[in-house]
Structure formats: C-alpha cells, structure tokens
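Student: I'd like to ask you about the structure that follows.
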Amino acid sequence: MACHFKPVCIIFFIFVFLFSGFVLANGDEFNKEEQTTGQEEIDNSEVGIEILFPELIRPARFYYNYGLGYLNLLKVENLNERIPEDFPDLGGGMLIRRWNYVFGFGDYWRGGWVKTHGSQNKAVGSGEDFRKITYEVEMSGILIEKSVYSDSLLDLALGAAAGRGIHRVKLLFTQPQTGEVNNPWQEPVSSNLSQPFYFFQPQINARFRLVGPIIGHIQGGYSFTLGRNRWYIEDEEIRDERFKSDGFHFSAGLGVRF
C-alpha cells in the first residue's frame, strides 16, 4: 500500500524504530536483572546451608594412634614410705604405652577414647633375701579436643581426658619351705595391692602427616587424680593413705588419619 502523505510516513517509521529499540533495551535489562536475582537466590541459599549446617561443609577427620612415652610420678615418695624397708624404692618416672582415637570435624570439636598403661619393677638380693616390687598404673576414659590449627599437613588441638584408673603394687619375696628340716628350697610369696582412682588430664596433641594416611603424633599433658583412702590387699579393703599418680606425661607415636 502506497503512502500518499510522505511526512506522515516518515514520522510513523521513526516512531516504530524508536519503540522497537526501547522494547529490546528493556528486554535485555529485564533478562539481566532476572539472571542476577536468580544468582543471588542461589548464593543466599548456599550461605544459608553453610550457616545452618556448618559441620556438613567441613572435612571429617578420624585419628588413631599408638605411642610410647614417659610418666612422671611426683608423689612416688609417699608410696615408697608405705612399702617395707627391705624392698627397693620405686623410681619417679616410667615408660608408658598410650592408645587413643578421635573422630570429628577438621576444624571443629572432636571426641574419642584414650588409654594409658605403664609399669616399672625393681629387685634386690637373692635366696631368702630376694625382694622385688612392681608398680603398674592403667587409665582409660573419654577424650575431648578442639582443633586450634589444621591444614593438609599439620593438626594442633587442645583438649582434656577424664576417666578411671587403677594402681597395682606387687611385692614378691621368698621364704623357707615349712615341714622338712634343712630343706634348701624356697617358696615364692607375693602380696598384691590395688587402689582405684579417677583422673583428669589437660593435654595438647600435635599430629603431622608423613605419607598418605600415615601420621606422626606428639602428645603432652598433666594428670590430676582423686579417690578414696582405700587399698585392696588380696581383694580385702583396708583404710590407708591414698597414693596420687599426679605428674606430667608425654608420648610420641604413629597412627592413621582418614
């Protein structure tokens, strides 16, 4: 169809052109705003998940290790005073074996179990004069710790262990056989004592990756004990002074991490 009024046609085409451009520009802006809003909703949703469930975002950790260490007995003199004079005195320190495992999140609270066992013995004399003393301590309980630094190679944690333990003291000696006169044979005799207690151990744990899941472990802390003034001698309870195995301890060992 021909246009008989050229000025009107020109104005009409200009209007159509401008209107089309305006529509296209607004459409692009709308699409951009819609995409931005959609991305913000996704980001906010992810932040919400991380805030509500932070433990699901952090990497899980499982540690198990076995090590050897040293336990210092600050009150061993008190125990030596309760032992007959013809037996040797116990030393102030001894070798311990220590197991523990913990499970939790890499940079969060973790919990597990710890067990410590140590012993020492001393002997003097021979024949009728033979005297031997053995001291043994065993502790086991829960372990709670909080990671203070963690990366792919090193993990440092502060924590504490608490639980129940027991001391055992065994006195071994010999005495002549009764019956036949001038019988040279000796009969071994032992006296077994035990005393239960409770303990609390603040400690620090350092674990470092060696190769793959294999880790090295260094641990140090202090033991506090409490209990009753009771000893059990051959399963019979008697009232006597309680011995405290308070003192510092440290250990080093190997373990695995997952």
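Simple scheme: letters A, B, ... for chains in structure tokens order, numbers from 1 for residues in each chain, numbers from 1 for ligands in the order shown.
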What's around Arg82 of chain A at 9 Å? Count only C-alpha atoms, leave out sequence neighbours fewer than 4 positions away in its own chain, and write the answer as a ChimeraX atom specification.
Tutor: /A:77-78,241
Student: Could those selected residues go to a file with N, CA and C atoms, as a short mmCIF file (atom, residue, chain, number, x, y, z; two decimals), in the first residue's frame?
Tutor:
data_model
loop_
_atom_site.label_atom_id
_atom_site.label_comp_id
_atom_site.auth_asym_id
_atom_site.auth_seq_id
_atom_site.Cartn_x
_atom_site.Cartn_y
_atom_site.Cartn_z
N GLU A 77 57.39 -40.66 96.45
CA GLU A 77 58.00 -40.79 97.77
C GLU A 77 56.95 -41.21 98.81
N ASN A 78 55.73 -40.72 98.64
CA ASN A 78 54.66 -41.10 99.58
C ASN A 78 54.37 -42.59 99.50
N GLU A 241 46.50 -44.54 103.49
CA GLU A 241 46.71 -43.31 102.72
C GLU A 241 46.62 -43.57 101.22
#
Student: Counting only C-alpha atoms, what is within 8 Å of Val102 of chain A, bar same-chain residues fewer than 6 positions away, as a PDB file with C-alpha atoms, in the first residue's frame?
Tutor:
ATOM      1  CA  PHE A  62      39.361 -39.792  62.125  1.00  0.00           C
ATOM      2  CA  TYR A  63      42.639 -40.285  64.002  1.00  0.00           C
ATOM      3  CA  TYR A  64      44.018 -43.421  65.632  1.00  0.00           C
ATOM      4  CA  ARG A 110      36.276 -33.898  68.313  1.00  0.00           C
ATOM      5  CA  GLY A 111      35.748 -36.729  70.774  1.00  0.00           C
ATOM      6  CA  GLY A 112      37.136 -40.191  71.332  1.00  0.00           C
ATOM      7  CA  TRP A 113      38.806 -42.584  73.764  1.00  0.00           C
ATOM      8  CA  LEU A 143      38.937 -37.543  75.244  1.00  0.00           C
TER       9      LEU A 143
END
Student: Skip Leu73 of chain A itself and residues of its chain fewer than 4 positions away, then list as number ranges by chain all residues within 12 Å of it, counting only C-alpha atoms.
Tutor: A: 77-80, 90-96, 118-120, 135-137, 222-225, 243-249
Student: Pull the closest atom pair for each residue of segment 162-227 of chain A that gets at most 10 Å from segment 150-155 of chain A, along with the distance in Å to one decimal, counting only C-alpha atoms, ordering rows by chain and then ascending residue number, as a tab-separated table.
Tutor:
residue	atom	partner	partner_atom	distance
A:Asn205	CA	A:Asp155	CA	8.1
A:Ala206	CA	A:Asp155	CA	5.9
A:Arg207	CA	A:Asp155	CA	5.2
A:Phe208	CA	A:Leu154	CA	4.4
A:Arg209	CA	A:Leu153	CA	5.0
A:Leu210	CA	A:Leu153	CA	8.0
A:Val211	CA	A:Leu153	CA	9.6
A:Ile215	CA	A:Leu153	CA	9.1
A:Gly216	CA	A:Leu154	CA	9.7
A:His217	CA	A:Asp155	CA	9.6
Student: Let's have the selection written as an mmCIF file, in the first residue's frame, with N, CA, C and O atoms.
Tutor:
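Output (out-v3.cif):
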data_model
loop_
_atom_site.group_PDB
_atom_site.id
_atom_site.type_symbol
_atom_site.label_atom_id
_atom_site.label_comp_id
_atom_site.auth_asym_id
_atom_site.auth_seq_id
_atom_site.Cartn_x
_atom_site.Cartn_y
_atom_site.Cartn_z
ATOM 1 N N ASN A 205 47.744 -31.998 71.628
ATOM 2 C CA ASN A 205 48.060 -33.023 70.642
ATOM 3 C C ASN A 205 48.518 -32.381 69.348
ATOM 4 O O ASN A 205 47.865 -31.458 68.847
ATOM 5 N N ALA A 206 49.625 -32.854 68.827
ATOM 6 C CA ALA A 206 50.138 -32.392 67.535
ATOM 7 C C ALA A 206 50.259 -33.598 66.610
ATOM 8 O O ALA A 206 50.955 -34.567 66.930
ATOM 9 N N ARG A 207 49.581 -33.545 65.484
ATOM 10 C CA ARG A 207 49.619 -34.631 64.505
ATOM 11 C C ARG A 207 50.107 -34.073 63.179
ATOM 12 O O ARG A 207 49.614 -33.038 62.727
ATOM 13 N N PHE A 208 51.050 -34.745 62.580
ATOM 14 C CA PHE A 208 51.578 -34.273 61.311
ATOM 15 C C PHE A 208 51.616 -35.417 60.308
ATOM 16 O O PHE A 208 51.942 -36.558 60.653
ATOM 17 N N ARG A 209 51.268 -35.104 59.103
ATOM 18 C CA ARG A 209 51.169 -36.108 58.043
ATOM 19 C C ARG A 209 52.549 -36.514 57.566
ATOM 20 O O ARG A 209 53.411 -35.680 57.291
ATOM 21 N N LEU A 210 52.785 -37.828 57.469
ATOM 22 C CA LEU A 210 54.054 -38.356 56.975
ATOM 23 C C LEU A 210 53.941 -38.759 55.505
ATOM 24 O O LEU A 210 54.618 -38.225 54.651
ATOM 25 N N VAL A 211 53.082 -39.724 55.220
ATOM 26 C CA VAL A 211 52.838 -40.151 53.848
ATOM 27 C C VAL A 211 51.456 -40.788 53.781
ATOM 28 O O VAL A 211 51.104 -41.622 54.612
ATOM 29 N N ILE A 215 50.402 -40.866 59.934
ATOM 30 C CA ILE A 215 50.720 -39.630 60.651
ATOM 31 C C ILE A 215 51.667 -39.907 61.801
ATOM 32 O O ILE A 215 51.762 -41.029 62.314
ATOM 33 N N GLY A 216 52.398 -38.878 62.192
ATOM 34 C CA GLY A 216 53.150 -38.893 63.428
ATOM 35 C C GLY A 216 52.353 -38.136 64.484
ATOM 36 O O GLY A 216 51.584 -37.222 64.158
ATOM 37 N N HIS A 217 52.534 -38.506 65.737
ATOM 38 C CA HIS A 217 51.718 -37.912 66.804
ATOM 39 C C HIS A 217 52.584 -37.611 68.014
ATOM 40 O O HIS A 217 53.330 -38.482 68.487
#
Student: Excluding Lys115 of chain A and any residue of its chain fewer than 4 positions from it, enumerate the residues within 6 Å of it, using only C-alpha atoms, and give them as a list in words.
Tutor: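 Once the nearby chain positions are removed, what remains is Arg98, Trp99, Met139 and Ser140 of chain A.
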Student: From a backbone DSSP assignment, name each residue in segment 59-124 of chain A labelled alpha helix (DSSP H), as a PyMOL selection string.
Tutor: chain A and resi 76-81
Student: Could you write those residues out with N, CA and C atoms, as a tab-separated table (two decimals), in the first residue's frame?
Tutor:
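Dumped everything to part38.tsv:
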chain	number	residue	atom	x	y	z
A	76	VAL	N	55.76	-40.15	94.28
A	76	VAL	CA	56.20	-41.53	94.48
A	76	VAL	C	56.85	-41.72	95.85
A	77	GLU	N	57.39	-40.66	96.45
A	77	GLU	CA	58.00	-40.79	97.77
A	77	GLU	C	56.95	-41.21	98.81
A	78	ASN	N	55.73	-40.72	98.64
A	78	ASN	CA	54.66	-41.10	99.58
A	78	ASN	C	54.37	-42.59	99.50
A	79	LEU	N	54.45	-43.14	98.31
A	79	LEU	CA	54.22	-44.58	98.17
A	79	LEU	C	55.40	-45.37	98.71
A	80	ASN	N	56.61	-44.90	98.48
A	80	ASN	CA	57.78	-45.60	98.99
A	80	ASN	C	57.78	-45.67	100.52
A	81	GLU	N	57.21	-44.65	101.16
A	81	GLU	CA	57.15	-44.66	102.62
A	81	GLU	C	56.20	-45.73	103.15
Student: Separation of atom CA of Phe197 of chain A and atom CA of Leu74 of chain A, in Å?
Tutor: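 Going from atom CA of Phe197 of chain A over to atom CA of Leu74 of chain A covers 16.1 Å.
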Student: Fewer than 4 positions away in the same chain doesn't count, so skip those; otherwise give me all residues within 8 Å of Ala123 of chain A, counting only C-alpha atoms, as a list of chain:residue names.
Tutor: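 Result of the neighbour search: A:Phe87, A:Pro88, A:Phe130, A:Arg131, A:Lys132, A:Ile133.
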Student: Now that the selection is made, can you save its residues with C-alpha atoms as an mmCIF file, in the first residue's frame?
Tutor:
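Writing done, so here's result-v7.cif:
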data_model
loop_
_atom_site.group_PDB
_atom_site.id
_atom_site.type_symbol
_atom_site.label_atom_id
_atom_site.label_comp_id
_atom_site.auth_asym_id
_atom_site.auth_seq_id
_atom_site.Cartn_x
_atom_site.Cartn_y
_atom_site.Cartn_z
ATOM 1 C CA PHE A 87 62.101 -53.619 99.409
ATOM 2 C CA PRO A 88 63.709 -51.228 96.908
ATOM 3 C CA PHE A 130 65.202 -61.698 97.395
ATOM 4 C CA ARG A 131 62.791 -58.771 97.218
ATOM 5 C CA LYS A 132 61.022 -57.433 94.136
ATOM 6 C CA ILE A 133 58.471 -54.648 93.764
#
Student: So, with only C-alpha atoms as the atoms that count, which of A:Asn72, A:Asn65, A:Gln195, A:Thr174 lies closest to Gly125 of chain A?
Tutor: A:Thr174
Student: Quick one: pull the distance between atom CA of Ile166 of chain A and atom CA of Gly141 of chain A, Å, one decimal.
Tutor: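 These atoms are spaced 12.2 Å apart.
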Student: Could you pull out the strand (DSSP E or B) residues of segment 56-195 of chain A, going by DSSP on the backbone, and write them as a ChimeraX atom specification?
Tutor: /A:60-72,93-105,109-124,131-150,154-176,186-195
